[in-house]
Structures are given as structure tokens and as C-alpha cells.
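With mmCIF, N, CA and C atoms inside, this is structure-v2.cif:
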```cif
data_input
#
loop_
_atom_site.label_atom_id
_atom_site.label_comp_id
_atom_site.auth_asym_id
_atom_site.auth_seq_id
_atom_site.Cartn_x
_atom_site.Cartn_y
_atom_site.Cartn_z
N ARG A 9 61.73 178.38 105.38
CA ARG A 9 62.95 178.23 104.59
C ARG A 9 63.46 176.79 104.62
N THR A 10 63.40 176.12 105.78
CA THR A 10 63.85 174.73 105.89
C THR A 10 63.02 173.83 104.99
N VAL A 11 61.71 174.04 104.99
CA VAL A 11 60.83 173.23 104.15
C VAL A 11 61.16 173.44 102.68
N GLN A 12 61.44 174.67 102.33
CA GLN A 12 61.80 174.98 100.95
C GLN A 12 63.10 174.25 100.55
N ARG A 13 64.07 174.22 101.46
CA ARG A 13 65.33 173.51 101.17
C ARG A 13 65.09 172.01 101.02
N LEU A 14 64.20 171.46 101.86
CA LEU A 14 63.87 170.04 101.76
C LEU A 14 63.23 169.73 100.41
N ALA A 15 62.31 170.59 99.98
CA ALA A 15 61.67 170.40 98.67
C ALA A 15 62.71 170.49 97.56
N HIS A 16 63.62 171.42 97.68
CA HIS A 16 64.69 171.57 96.69
C HIS A 16 65.58 170.31 96.65
N SER A 17 65.93 169.80 97.83
CA SER A 17 66.76 168.59 97.89
C SER A 17 66.03 167.39 97.28
N LEU A 18 64.75 167.27 97.59
CA LEU A 18 63.97 166.18 97.03
C LEU A 18 63.90 166.28 95.51
N LYS A 19 63.76 167.50 95.02
CA LYS A 19 63.74 167.72 93.57
C LYS A 19 65.04 167.20 92.94
N GLY A 20 66.17 167.52 93.57
CA GLY A 20 67.46 167.06 93.07
C GLY A 20 67.61 165.56 93.12
N ILE A 21 67.18 164.97 94.23
CA ILE A 21 67.28 163.51 94.37
C ILE A 21 66.39 162.82 93.34
N ALA A 22 65.19 163.35 93.14
CA ALA A 22 64.28 162.77 92.16
C ALA A 22 64.90 162.82 90.76
N GLY A 23 65.58 163.91 90.46
CA GLY A 23 66.26 164.00 89.18
C GLY A 23 67.38 162.98 89.05
N THR A 24 68.09 162.77 90.14
CA THR A 24 69.19 161.81 90.14
C THR A 24 68.70 160.39 89.85
N ILE A 25 67.54 160.04 90.40
CA ILE A 25 67.03 158.68 90.19
C ILE A 25 66.07 158.62 89.00
N GLU A 26 66.01 159.70 88.25
CA GLU A 26 65.20 159.79 87.03
C GLU A 26 63.72 159.56 87.29
N ALA A 27 63.23 160.10 88.38
CA ALA A 27 61.81 160.05 88.70
C ALA A 27 61.22 161.41 88.31
N ALA A 28 60.96 161.57 87.02
CA ALA A 28 60.58 162.87 86.47
C ALA A 28 59.31 163.46 87.10
N ALA A 29 58.30 162.63 87.30
CA ALA A 29 57.05 163.15 87.87
C ALA A 29 57.27 163.62 89.31
N LEU A 30 58.06 162.87 90.05
CA LEU A 30 58.38 163.25 91.42
C LEU A 30 59.19 164.54 91.44
N GLN A 31 60.12 164.67 90.52
CA GLN A 31 60.95 165.88 90.42
C GLN A 31 60.07 167.09 90.11
N LYS A 32 59.14 166.91 89.19
CA LYS A 32 58.24 168.02 88.82
C LYS A 32 57.36 168.44 90.00
N ALA A 33 56.85 167.45 90.74
CA ALA A 33 56.00 167.76 91.89
C ALA A 33 56.81 168.47 92.98
N ALA A 34 58.03 168.03 93.22
CA ALA A 34 58.89 168.68 94.22
C ALA A 34 59.21 170.11 93.79
N ALA A 35 59.43 170.32 92.50
CA ALA A 35 59.69 171.67 91.99
C ALA A 35 58.48 172.57 92.19
N ALA A 36 57.28 172.00 92.02
CA ALA A 36 56.06 172.79 92.21
C ALA A 36 55.90 173.19 93.68
N VAL A 37 56.23 172.28 94.59
CA VAL A 37 56.18 172.61 96.02
C VAL A 37 57.19 173.71 96.33
N GLU A 38 58.40 173.55 95.82
CA GLU A 38 59.46 174.53 96.06
C GLU A 38 59.04 175.91 95.54
N LYS A 39 58.49 175.94 94.33
CA LYS A 39 58.08 177.22 93.73
C LYS A 39 56.96 177.89 94.56
N ALA A 40 55.98 177.09 94.97
CA ALA A 40 54.89 177.65 95.76
C ALA A 40 55.41 178.22 97.08
N LEU A 41 56.37 177.54 97.67
CA LEU A 41 56.96 178.03 98.92
C LEU A 41 57.75 179.32 98.69
N GLU A 42 58.48 179.36 97.59
CA GLU A 42 59.24 180.58 97.25
C GLU A 42 58.31 181.78 97.11
N GLU A 43 57.12 181.53 96.56
CA GLU A 43 56.16 182.59 96.31
C GLU A 43 55.20 182.80 97.48
N HIS A 44 55.49 182.14 98.61
CA HIS A 44 54.69 182.26 99.83
C HIS A 44 53.22 181.91 99.60
N GLN A 45 52.99 180.90 98.77
CA GLN A 45 51.63 180.43 98.48
C GLN A 45 51.41 179.11 99.23
N ARG A 46 51.13 179.24 100.50
CA ARG A 46 51.04 178.09 101.40
C ARG A 46 49.98 177.07 100.96
N GLU A 47 48.80 177.53 100.60
CA GLU A 47 47.73 176.61 100.20
C GLU A 47 48.09 175.82 98.96
N ILE A 48 48.71 176.49 98.00
CA ILE A 48 49.16 175.80 96.79
C ILE A 48 50.25 174.80 97.13
N ALA A 49 51.16 175.19 98.02
CA ALA A 49 52.23 174.28 98.45
C ALA A 49 51.65 173.03 99.10
N LEU A 50 50.63 173.19 99.93
CA LEU A 50 50.01 172.04 100.59
C LEU A 50 49.34 171.13 99.57
N LYS A 51 48.69 171.71 98.58
CA LYS A 51 48.05 170.92 97.53
C LYS A 51 49.11 170.15 96.72
N GLN A 52 50.18 170.84 96.38
CA GLN A 52 51.27 170.20 95.63
C GLN A 52 51.96 169.13 96.47
N LEU A 53 52.04 169.36 97.77
CA LEU A 53 52.64 168.38 98.67
C LEU A 53 51.85 167.08 98.66
N HIS A 54 50.53 167.20 98.60
CA HIS A 54 49.68 166.02 98.51
C HIS A 54 50.01 165.22 97.24
N THR A 55 50.17 165.92 96.13
CA THR A 55 50.55 165.27 94.87
C THR A 55 51.91 164.59 95.02
N LEU A 56 52.82 165.28 95.66
CA LEU A 56 54.16 164.74 95.89
C LEU A 56 54.09 163.44 96.70
N GLU A 57 53.28 163.43 97.75
CA GLU A 57 53.12 162.22 98.56
C GLU A 57 52.56 161.07 97.73
N GLU A 58 51.58 161.37 96.90
CA GLU A 58 50.97 160.32 96.07
C GLU A 58 51.99 159.70 95.12
N LEU A 59 52.94 160.49 94.66
CA LEU A 59 53.97 159.98 93.75
C LEU A 59 55.09 159.27 94.51
N PHE A 60 55.38 159.74 95.70
CA PHE A 60 56.50 159.22 96.47
C PHE A 60 56.21 157.83 97.04
N GLU A 61 55.02 157.63 97.57
CA GLU A 61 54.70 156.36 98.22
C GLU A 61 54.80 155.16 97.28
N PRO A 62 54.29 155.22 96.05
CA PRO A 62 54.46 154.06 95.17
C PRO A 62 55.93 153.77 94.85
N LEU A 63 56.73 154.82 94.78
CA LEU A 63 58.15 154.63 94.53
C LEU A 63 58.80 153.88 95.69
N ILE A 64 58.47 154.26 96.90
CA ILE A 64 58.99 153.57 98.08
C ILE A 64 58.51 152.12 98.10
N ARG A 65 57.23 151.90 97.80
CA ARG A 65 56.70 150.53 97.77
C ARG A 65 57.43 149.70 96.72
N GLN A 66 57.69 150.30 95.57
CA GLN A 66 58.39 149.60 94.50
C GLN A 66 59.81 149.22 94.93
N ILE A 67 60.50 150.12 95.58
CA ILE A 67 61.85 149.83 96.07
C ILE A 67 61.80 148.74 97.12
N ARG A 68 60.86 148.86 98.07
CA ARG A 68 60.73 147.86 99.12
C ARG A 68 60.43 146.49 98.52
N GLN A 69 59.50 146.44 97.57
CA GLN A 69 59.13 145.18 96.94
C GLN A 69 60.33 144.56 96.24
N ALA A 70 61.11 145.38 95.56
CA ALA A 70 62.30 144.87 94.88
C ALA A 70 63.28 144.29 95.89
N LEU A 71 63.43 144.96 97.01
CA LEU A 71 64.35 144.46 98.04
C LEU A 71 63.85 143.17 98.67
N LEU A 72 62.55 143.10 98.92
CA LEU A 72 61.98 141.93 99.58
C LEU A 72 61.87 140.73 98.64
N SER A 73 61.80 140.97 97.35
CA SER A 73 61.63 139.87 96.41
C SER A 73 62.94 139.30 95.89
N ARG A 74 64.05 139.82 96.35
CA ARG A 74 65.35 139.28 95.94
C ARG A 74 65.45 137.83 96.36
N ASN A 75 65.93 137.00 95.47
CA ASN A 75 66.09 135.58 95.76
C ASN A 75 67.55 135.25 96.00
N GLU A 76 68.17 135.99 96.87
CA GLU A 76 69.57 135.74 97.17
C GLU A 76 69.68 134.69 98.26
N GLU A 77 70.76 133.96 98.22
CA GLU A 77 71.03 132.98 99.27
C GLU A 77 71.33 133.72 100.56
N PRO A 78 70.82 133.24 101.68
CA PRO A 78 71.17 133.88 102.94
C PRO A 78 72.67 133.72 103.21
N THR A 79 73.21 134.76 103.78
CA THR A 79 74.64 134.72 104.07
C THR A 79 74.86 134.35 105.52
N THR A 80 76.05 133.91 105.81
CA THR A 80 76.38 133.55 107.18
C THR A 80 77.62 134.32 107.57
N GLY A 81 78.02 134.15 108.78
CA GLY A 81 79.27 134.75 109.22
C GLY A 81 79.11 136.19 109.62
N ASP A 82 79.70 137.08 108.83
CA ASP A 82 79.79 138.48 109.21
C ASP A 82 78.56 139.32 108.86
N ALA A 83 77.56 138.74 108.24
CA ALA A 83 76.38 139.51 107.85
C ALA A 83 75.65 140.01 109.10
N PRO A 84 75.31 141.32 109.13
CA PRO A 84 74.63 141.85 110.31
C PRO A 84 73.20 141.34 110.39
N SER A 85 72.71 141.11 111.59
CA SER A 85 71.33 140.71 111.77
C SER A 85 70.45 141.93 111.58
N ALA A 86 69.14 141.69 111.42
CA ALA A 86 68.20 142.81 111.28
C ALA A 86 68.28 143.71 112.51
N CYS A 87 68.48 143.10 113.65
CA CYS A 87 68.59 143.87 114.89
C CYS A 87 69.81 144.79 114.85
N GLN A 88 70.95 144.24 114.48
CA GLN A 88 72.18 145.03 114.42
C GLN A 88 72.07 146.13 113.37
N GLU A 89 71.46 145.79 112.25
CA GLU A 89 71.36 146.74 111.15
C GLU A 89 70.37 147.86 111.44
N SER A 90 69.29 147.52 112.13
CA SER A 90 68.23 148.52 112.37
C SER A 90 68.49 149.39 113.60
N GLU A 91 69.28 148.92 114.53
CA GLU A 91 69.43 149.66 115.79
C GLU A 91 69.92 151.09 115.63
N PRO A 92 70.94 151.36 114.77
CA PRO A 92 71.34 152.77 114.62
C PRO A 92 70.22 153.66 114.06
N LEU A 93 69.44 153.12 113.13
CA LEU A 93 68.32 153.89 112.58
C LEU A 93 67.22 154.09 113.62
N ILE A 94 66.96 153.05 114.40
CA ILE A 94 65.95 153.17 115.45
C ILE A 94 66.37 154.23 116.47
N ALA A 95 67.64 154.21 116.85
CA ALA A 95 68.14 155.20 117.80
C ALA A 95 68.02 156.61 117.23
N ARG A 96 68.36 156.76 115.94
CA ARG A 96 68.25 158.08 115.29
C ARG A 96 66.79 158.53 115.22
N LEU A 97 65.90 157.59 114.84
CA LEU A 97 64.47 157.93 114.76
C LEU A 97 63.94 158.31 116.13
N GLU A 98 64.36 157.60 117.15
CA GLU A 98 63.93 157.90 118.51
C GLU A 98 64.32 159.34 118.88
N THR A 99 65.54 159.72 118.57
CA THR A 99 66.00 161.09 118.85
C THR A 99 65.19 162.12 118.06
N LEU A 100 64.98 161.84 116.78
CA LEU A 100 64.22 162.78 115.95
C LEU A 100 62.79 162.93 116.45
N LEU A 101 62.18 161.84 116.89
CA LEU A 101 60.82 161.91 117.44
C LEU A 101 60.80 162.72 118.74
N GLN A 102 61.79 162.51 119.58
CA GLN A 102 61.87 163.26 120.84
C GLN A 102 62.03 164.75 120.58
N GLU A 103 62.74 165.08 119.51
CA GLU A 103 62.97 166.49 119.15
C GLU A 103 61.80 167.08 118.36
N GLY A 104 60.87 166.23 117.91
CA GLY A 104 59.78 166.70 117.08
C GLY A 104 60.26 167.13 115.70
N SER A 105 61.29 166.47 115.21
CA SER A 105 61.92 166.87 113.95
C SER A 105 61.14 166.37 112.73
N PRO A 106 61.03 167.21 111.68
CA PRO A 106 60.38 166.77 110.44
C PRO A 106 61.22 165.72 109.71
N HIS A 107 62.47 165.55 110.11
CA HIS A 107 63.32 164.55 109.46
C HIS A 107 62.98 163.13 109.92
N ALA A 108 62.08 162.99 110.88
CA ALA A 108 61.69 161.67 111.36
C ALA A 108 61.11 160.83 110.23
N LEU A 109 60.36 161.44 109.34
CA LEU A 109 59.75 160.70 108.24
C LEU A 109 60.81 160.17 107.28
N THR A 110 61.85 160.93 107.02
CA THR A 110 62.93 160.48 106.15
C THR A 110 63.66 159.30 106.80
N CYS A 111 63.94 159.41 108.06
CA CYS A 111 64.61 158.33 108.79
C CYS A 111 63.73 157.08 108.78
N LEU A 112 62.43 157.27 108.97
CA LEU A 112 61.50 156.14 108.95
C LEU A 112 61.56 155.42 107.61
N THR A 113 61.63 156.16 106.54
CA THR A 113 61.69 155.55 105.20
C THR A 113 62.90 154.62 105.09
N GLU A 114 64.03 155.04 105.63
CA GLU A 114 65.22 154.19 105.62
C GLU A 114 65.01 152.96 106.50
N LEU A 115 64.40 153.14 107.65
CA LEU A 115 64.18 152.04 108.58
C LEU A 115 63.21 151.00 108.01
N GLU A 116 62.21 151.46 107.28
CA GLU A 116 61.21 150.55 106.71
C GLU A 116 61.84 149.52 105.77
N ILE A 117 62.92 149.88 105.13
CA ILE A 117 63.60 148.95 104.22
C ILE A 117 64.17 147.77 104.99
N ILE A 118 64.71 148.04 106.16
CA ILE A 118 65.33 147.01 106.98
C ILE A 118 64.30 146.32 107.88
N LEU A 119 63.36 147.09 108.37
CA LEU A 119 62.39 146.61 109.36
C LEU A 119 60.98 146.97 108.89
N PRO A 120 60.35 146.11 108.08
CA PRO A 120 59.04 146.43 107.52
C PRO A 120 57.97 146.77 108.56
N ALA A 121 58.08 146.25 109.78
CA ALA A 121 57.09 146.58 110.81
C ALA A 121 57.07 148.07 111.13
N ALA A 122 58.14 148.75 110.78
CA ALA A 122 58.22 150.20 111.05
C ALA A 122 57.18 150.99 110.27
N THR A 123 56.60 150.40 109.23
CA THR A 123 55.57 151.11 108.45
C THR A 123 54.39 151.50 109.33
N ARG A 124 54.19 150.79 110.44
CA ARG A 124 53.09 151.12 111.36
C ARG A 124 53.26 152.50 111.98
N LEU A 125 54.48 153.02 111.98
CA LEU A 125 54.75 154.34 112.55
C LEU A 125 54.35 155.49 111.62
N ARG A 126 54.30 155.21 110.32
CA ARG A 126 54.10 156.26 109.31
C ARG A 126 52.86 157.13 109.58
N PRO A 127 51.68 156.54 109.82
CA PRO A 127 50.51 157.41 110.06
C PRO A 127 50.69 158.31 111.28
N LEU A 128 51.33 157.79 112.31
CA LEU A 128 51.53 158.60 113.52
C LEU A 128 52.48 159.77 113.25
N ILE A 129 53.56 159.49 112.55
CA ILE A 129 54.54 160.54 112.26
C ILE A 129 53.93 161.58 111.33
N ARG A 130 53.14 161.13 110.36
CA ARG A 130 52.49 162.08 109.45
C ARG A 130 51.56 163.03 110.19
N LYS A 131 50.93 162.53 111.25
CA LYS A 131 50.01 163.36 112.05
C LYS A 131 50.76 164.10 113.15
N PHE A 132 52.09 164.00 113.16
CA PHE A 132 52.92 164.63 114.17
C PHE A 132 52.61 164.12 115.57
N ALA A 133 52.13 162.87 115.66
CA ALA A 133 51.87 162.23 116.95
C ALA A 133 53.16 161.55 117.40
N PHE A 134 54.18 162.37 117.67
CA PHE A 134 55.51 161.85 117.95
C PHE A 134 55.56 161.03 119.24
N GLU A 135 54.82 161.44 120.26
CA GLU A 135 54.81 160.68 121.52
C GLU A 135 54.24 159.28 121.29
N ASP A 136 53.15 159.20 120.54
CA ASP A 136 52.55 157.89 120.23
C ASP A 136 53.51 157.06 119.39
N ALA A 137 54.21 157.70 118.47
CA ALA A 137 55.17 156.99 117.63
C ALA A 137 56.32 156.44 118.49
N LEU A 138 56.75 157.19 119.48
CA LEU A 138 57.80 156.71 120.38
C LEU A 138 57.36 155.46 121.13
N VAL A 139 56.12 155.46 121.59
CA VAL A 139 55.58 154.29 122.29
C VAL A 139 55.56 153.09 121.35
N MET A 140 55.05 153.29 120.14
CA MET A 140 54.98 152.19 119.18
C MET A 140 56.37 151.71 118.78
N LEU A 141 57.31 152.62 118.71
CA LEU A 141 58.68 152.26 118.34
C LEU A 141 59.24 151.21 119.30
N THR A 142 58.90 151.31 120.57
CA THR A 142 59.39 150.33 121.53
C THR A 142 58.80 148.94 121.27
N THR A 143 57.62 148.88 120.67
CA THR A 143 56.98 147.59 120.41
C THR A 143 57.52 146.92 119.16
N ILE A 144 58.10 147.67 118.24
CA ILE A 144 58.62 147.06 117.00
C ILE A 144 60.12 146.86 117.02
N ARG A 145 60.78 147.39 118.03
CA ARG A 145 62.24 147.25 118.14
C ARG A 145 62.60 145.76 118.25
N PRO A 146 63.47 145.25 117.35
CA PRO A 146 63.85 143.83 117.42
C PRO A 146 64.58 143.51 118.72
N LYS A 147 64.35 142.31 119.20
CA LYS A 147 65.03 141.86 120.41
C LYS A 147 66.34 141.19 120.01
N ASN A 148 67.36 141.34 120.82
CA ASN A 148 68.66 140.71 120.54
C ASN A 148 68.61 139.22 120.65
#
```

Before we go any further, please render this structure as C-alpha cells.
Amino acid sequence: RTVQRLAHSLKGIAGTIEAAALQKAAAAVEKALEEHQREIALKQLHTLEELFEPLIRQIRQALLSRNEEPTTGDAPSACQESEPLIARLETLLQEGSPHALTCLTELEIILPAATRLRPLIRKFAFEDALVMLTTIRPKN
């Protein structure tokens, strides 16, 4: 049921950002789960991943290619900005939560080195991801 709700939420978010193909794939996952068709849901999930990753790369690239002047003063450092997400990800990994991947996606925007965690989290190698997390955590 939790997975079905996540697919439903993703479908809604995809609609909000006008990512029609992503919305359709999320709807297919949700429908397969509603009908208790696990194998079809897994196949549709693969399609969903293939559509989601380029969208994340596109957003990341847009953020990284901004030619804005660096700010001074009150602007948070990458360390300050990433620490709450790192702490949340650490907790989610310790709990073995499926929400770790969502948190990682947010962290990758601020801390690109966090992308190294993605394969581990996808394989549910949460202990290994926790170890790697300590190596990418920015120093103050």
C-alpha cells in the first residue's frame, strides 16, 4: 500500500511539472500495484526510472550551469545547506527507509558527490551507503 501511495504521489507531481511521460509511467505502476500485478509493476517501474533519471540530470545541469554572481554575506555554504539533508539521509538509511532515494535526490542538487550513493541505495545496501556518506560529508 505504501508503494502504491508513492506511485500515486509521483504521478501527481509529474502532472504538476508537466512531465507527461513520467506521469503516464507512474500511473501504470500505480495501476499494476492496485491490481496486484507485481511483475508488471516491476517492469513499469523500470520504465519510470528511465524517464526519471534524465529529468533529474536536466534539472541538475540547469542548476549547475547558472551563471550567477557568487553571493557573499548571509548565503549558506554548501556544508551548511547540505547538513540537514545529510542528517535526514543518514536517519533514513539507518531505518532502511525507501524514502532514502528521494532524500538523496534532493541532496544531489546541493552536493553532486552524493550521486555516488545512488547505486548503493538502489541495491538496498544501506550500511555501505552509510559508510560512503561519511566520506562525502563536507568538512566545516

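Nearest-residue note for Ser105 in chain A: choosing from A:Pro146, A:Gln69, A:Met140, A:Phe134, the minimum distance belongs to A:Phe134, counting all atoms listed in the file.
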
For the helix (DSSP H, G or I) assignment from backbone DSSP, which residues of range 35-134 of chain A qualify? Please present them as an NGL selection string.
:A and (35-42 or 46-72 or 86-103 or 108-118 or 120-130 or 134)

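Proximity to Glu38 in chain A was assessed for A:His16, A:Lys51, A:Arg96, A:Arg124 counting all atoms listed in the file; the smallest distance is recorded for A:His16.
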
Just say which residues the PyMOL selection byres ((chain A and resi 33-37) around 7) picks in this file, as number ranges by chain.
A: 12, 15-16, 18-19, 28-32, 38-42, 48-50, 52-53, 55-56

Export N, CA and C atoms of the chosen residues as a PDB file, in the frame of the given file?
```pdb
ATOM      1  N   GLN A  12      61.440 174.670 102.330  1.00  0.00           N
ATOM      2  CA  GLN A  12      61.800 174.980 100.950  1.00  0.00           C
ATOM      3  C   GLN A  12      63.100 174.250 100.550  1.00  0.00           C
ATOM      4  N   ALA A  15      62.310 170.590  99.980  1.00  0.00           N
ATOM      5  CA  ALA A  15      61.670 170.400  98.670  1.00  0.00           C
ATOM      6  C   ALA A  15      62.710 170.490  97.560  1.00  0.00           C
ATOM      7  N   HIS A  16      63.620 171.420  97.680  1.00  0.00           N
ATOM      8  CA  HIS A  16      64.690 171.570  96.690  1.00  0.00           C
ATOM      9  C   HIS A  16      65.580 170.310  96.650  1.00  0.00           C
ATOM     10  N   LEU A  18      64.750 167.270  97.590  1.00  0.00           N
ATOM     11  CA  LEU A  18      63.970 166.180  97.030  1.00  0.00           C
ATOM     12  C   LEU A  18      63.900 166.280  95.510  1.00  0.00           C
ATOM     13  N   LYS A  19      63.760 167.500  95.020  1.00  0.00           N
ATOM     14  CA  LYS A  19      63.740 167.720  93.570  1.00  0.00           C
ATOM     15  C   LYS A  19      65.040 167.200  92.940  1.00  0.00           C
ATOM     16  N   ALA A  28      60.960 161.570  87.020  1.00  0.00           N
ATOM     17  CA  ALA A  28      60.580 162.870  86.470  1.00  0.00           C
ATOM     18  C   ALA A  28      59.310 163.460  87.100  1.00  0.00           C
ATOM     19  N   ALA A  29      58.300 162.630  87.300  1.00  0.00           N
ATOM     20  CA  ALA A  29      57.050 163.150  87.870  1.00  0.00           C
ATOM     21  C   ALA A  29      57.270 163.620  89.310  1.00  0.00           C
ATOM     22  N   LEU A  30      58.060 162.870  90.050  1.00  0.00           N
ATOM     23  CA  LEU A  30      58.380 163.250  91.420  1.00  0.00           C
ATOM     24  C   LEU A  30      59.190 164.540  91.440  1.00  0.00           C
ATOM     25  N   GLN A  31      60.120 164.670  90.520  1.00  0.00           N
ATOM     26  CA  GLN A  31      60.950 165.880  90.420  1.00  0.00           C
ATOM     27  C   GLN A  31      60.070 167.090  90.110  1.00  0.00           C
ATOM     28  N   LYS A  32      59.140 166.910  89.190  1.00  0.00           N
ATOM     29  CA  LYS A  32      58.240 168.020  88.820  1.00  0.00           C
ATOM     30  C   LYS A  32      57.360 168.440  90.000  1.00  0.00           C
ATOM     31  N   GLU A  38      58.400 173.550  95.820  1.00  0.00           N
ATOM     32  CA  GLU A  38      59.460 174.530  96.060  1.00  0.00           C
ATOM     33  C   GLU A  38      59.040 175.910  95.540  1.00  0.00           C
ATOM     34  N   LYS A  39      58.490 175.940  94.330  1.00  0.00           N
ATOM     35  CA  LYS A  39      58.080 177.220  93.730  1.00  0.00           C
ATOM     36  C   LYS A  39      56.960 177.890  94.560  1.00  0.00           C
ATOM     37  N   ALA A  40      55.980 177.090  94.970  1.00  0.00           N
ATOM     38  CA  ALA A  40      54.890 177.650  95.760  1.00  0.00           C
ATOM     39  C   ALA A  40      55.410 178.220  97.080  1.00  0.00           C
ATOM     40  N   LEU A  41      56.370 177.540  97.670  1.00  0.00           N
ATOM     41  CA  LEU A  41      56.960 178.030  98.920  1.00  0.00           C
ATOM     42  C   LEU A  41      57.750 179.320  98.690  1.00  0.00           C
ATOM     43  N   GLU A  42      58.480 179.360  97.590  1.00  0.00           N
ATOM     44  CA  GLU A  42      59.240 180.580  97.250  1.00  0.00           C
ATOM     45  C   GLU A  42      58.310 181.780  97.110  1.00  0.00           C
ATOM     46  N   ILE A  48      48.710 176.490  98.000  1.00  0.00           N
ATOM     47  CA  ILE A  48      49.160 175.800  96.790  1.00  0.00           C
ATOM     48  C   ILE A  48      50.250 174.800  97.130  1.00  0.00           C
ATOM     49  N   ALA A  49      51.160 175.190  98.020  1.00  0.00           N
ATOM     50  CA  ALA A  49      52.230 174.280  98.450  1.00  0.00           C
ATOM     51  C   ALA A  49      51.650 173.030  99.100  1.00  0.00           C
ATOM     52  N   LEU A  50      50.630 173.190  99.930  1.00  0.00           N
ATOM     53  CA  LEU A  50      50.010 172.040 100.590  1.00  0.00           C
ATOM     54  C   LEU A  50      49.340 171.130  99.570  1.00  0.00           C
ATOM     55  N   GLN A  52      50.180 170.840  96.380  1.00  0.00           N
ATOM     56  CA  GLN A  52      51.270 170.200  95.630  1.00  0.00           C
ATOM     57  C   GLN A  52      51.960 169.130  96.470  1.00  0.00           C
ATOM     58  N   LEU A  53      52.040 169.360  97.770  1.00  0.00           N
ATOM     59  CA  LEU A  53      52.640 168.380  98.670  1.00  0.00           C
ATOM     60  C   LEU A  53      51.850 167.080  98.660  1.00  0.00           C
ATOM     61  N   THR A  55      50.170 165.920  96.130  1.00  0.00           N
ATOM     62  CA  THR A  55      50.550 165.270  94.870  1.00  0.00           C
ATOM     63  C   THR A  55      51.910 164.590  95.020  1.00  0.00           C
ATOM     64  N   LEU A  56      52.820 165.280  95.660  1.00  0.00           N
ATOM     65  CA  LEU A  56      54.160 164.740  95.890  1.00  0.00           C
ATOM     66  C   LEU A  56      54.090 163.440  96.700  1.00  0.00           C
TER      67      LEU A  56
END
```

Enclose all atoms of range 52-64 of chain A listed in the file in an axis-aligned box, grow every side by 3 Å, and hand back centre and edge lengths in Å to one decimal, as JSON.
```
{"center_x": 54.3, "center_y": 161.5, "center_z": 96.2, "size_x": 15.3, "size_y": 24.7, "size_z": 10.9}
```

Could you name the residues that touch Ile94 in chain A at 8 Å or less, counting all atoms listed in the file, but leaving out those on the same chain fewer than 3 positions away, as a PDB file with N, CA and C atoms, keeping the file's coordinate frame?
```
ATOM      1  N   GLU A  89      71.460 145.790 112.250  1.00  0.00           N
ATOM      2  CA  GLU A  89      71.360 146.740 111.150  1.00  0.00           C
ATOM      3  C   GLU A  89      70.370 147.860 111.440  1.00  0.00           C
ATOM      4  N   SER A  90      69.290 147.520 112.130  1.00  0.00           N
ATOM      5  CA  SER A  90      68.230 148.520 112.370  1.00  0.00           C
ATOM      6  C   SER A  90      68.490 149.390 113.600  1.00  0.00           C
ATOM      7  N   GLU A  91      69.280 148.920 114.530  1.00  0.00           N
ATOM      8  CA  GLU A  91      69.430 149.660 115.790  1.00  0.00           C
ATOM      9  C   GLU A  91      69.920 151.090 115.630  1.00  0.00           C
ATOM     10  N   LEU A  97      65.900 157.590 114.840  1.00  0.00           N
ATOM     11  CA  LEU A  97      64.470 157.930 114.760  1.00  0.00           C
ATOM     12  C   LEU A  97      63.940 158.310 116.130  1.00  0.00           C
ATOM     13  N   GLU A  98      64.360 157.600 117.150  1.00  0.00           N
ATOM     14  CA  GLU A  98      63.930 157.900 118.510  1.00  0.00           C
ATOM     15  C   GLU A  98      64.320 159.340 118.880  1.00  0.00           C
ATOM     16  N   THR A  99      65.540 159.720 118.570  1.00  0.00           N
ATOM     17  CA  THR A  99      66.000 161.090 118.850  1.00  0.00           C
ATOM     18  C   THR A  99      65.190 162.120 118.060  1.00  0.00           C
ATOM     19  N   LEU A 100      64.980 161.840 116.780  1.00  0.00           N
ATOM     20  CA  LEU A 100      64.220 162.780 115.950  1.00  0.00           C
ATOM     21  C   LEU A 100      62.790 162.930 116.450  1.00  0.00           C
ATOM     22  N   CYS A 111      63.940 159.410 108.060  1.00  0.00           N
ATOM     23  CA  CYS A 111      64.610 158.330 108.790  1.00  0.00           C
ATOM     24  C   CYS A 111      63.730 157.080 108.780  1.00  0.00           C
ATOM     25  N   LEU A 115      64.400 153.140 107.650  1.00  0.00           N
ATOM     26  CA  LEU A 115      64.180 152.040 108.580  1.00  0.00           C
ATOM     27  C   LEU A 115      63.210 151.000 108.010  1.00  0.00           C
ATOM     28  N   LEU A 141      57.310 152.620 118.710  1.00  0.00           N
ATOM     29  CA  LEU A 141      58.680 152.260 118.340  1.00  0.00           C
ATOM     30  C   LEU A 141      59.240 151.210 119.300  1.00  0.00           C
ATOM     31  N   ARG A 145      60.780 147.390 118.030  1.00  0.00           N
ATOM     32  CA  ARG A 145      62.240 147.250 118.140  1.00  0.00           C
ATOM     33  C   ARG A 145      62.600 145.760 118.250  1.00  0.00           C
TER      34      ARG A 145
END
```

Neighbour list for Leu71 in chain A as a CSV table (one decimal) with N, CA and C atoms, keeping the file's coordinate frame, cut-off 8 Å, all atoms listed in the file, skip fewer than 5 positions in-chain:
```csv
chain,number,residue,atom,x,y,z
A,65,ARG,N,57.2,151.9,97.8
A,65,ARG,CA,56.7,150.5,97.8
A,65,ARG,C,57.4,149.7,96.7
A,66,GLN,N,57.7,150.3,95.6
A,66,GLN,CA,58.4,149.6,94.5
A,66,GLN,C,59.8,149.2,94.9
A,117,ILE,N,62.9,149.9,105.1
A,117,ILE,CA,63.6,149.0,104.2
A,117,ILE,C,64.2,147.8,105.0
```

Would you compute the distance between CA of Phe132 in chain A and CA of Gly20 in chain A? Give it in Å to one decimal.
25.7 Å

From the block I gave, I'd like range 12-17 of chain A written with N, CA and C atoms, as a PDB file, in the first residue's frame.
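In the end it all went to decode-v5.pdb:
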```
ATOM      1  N   GLN A  12       2.205   1.889  -3.407  1.00  0.00           N
ATOM      2  CA  GLN A  12       1.122   2.377  -4.263  1.00  0.00           C
ATOM      3  C   GLN A  12       0.894   3.878  -4.029  1.00  0.00           C
ATOM      4  N   ARG A  13       0.935   4.307  -2.771  1.00  0.00           N
ATOM      5  CA  ARG A  13       0.763   5.737  -2.460  1.00  0.00           C
ATOM      6  C   ARG A  13       1.913   6.560  -3.033  1.00  0.00           C
ATOM      7  N   LEU A  14       3.136   6.011  -2.957  1.00  0.00           N
ATOM      8  CA  LEU A  14       4.285   6.712  -3.522  1.00  0.00           C
ATOM      9  C   LEU A  14       4.131   6.875  -5.034  1.00  0.00           C
ATOM     10  N   ALA A  15       3.688   5.820  -5.698  1.00  0.00           N
ATOM     11  CA  ALA A  15       3.466   5.901  -7.150  1.00  0.00           C
ATOM     12  C   ALA A  15       2.384   6.927  -7.460  1.00  0.00           C
ATOM     13  N   HIS A  16       1.345   6.944  -6.664  1.00  0.00           N
ATOM     14  CA  HIS A  16       0.268   7.922  -6.851  1.00  0.00           C
ATOM     15  C   HIS A  16       0.794   9.353  -6.661  1.00  0.00           C
ATOM     16  N   SER A  17       1.600   9.562  -5.627  1.00  0.00           N
ATOM     17  CA  SER A  17       2.166  10.889  -5.373  1.00  0.00           C
ATOM     18  C   SER A  17       3.074  11.324  -6.519  1.00  0.00           C
TER      19      SER A  17
END
```
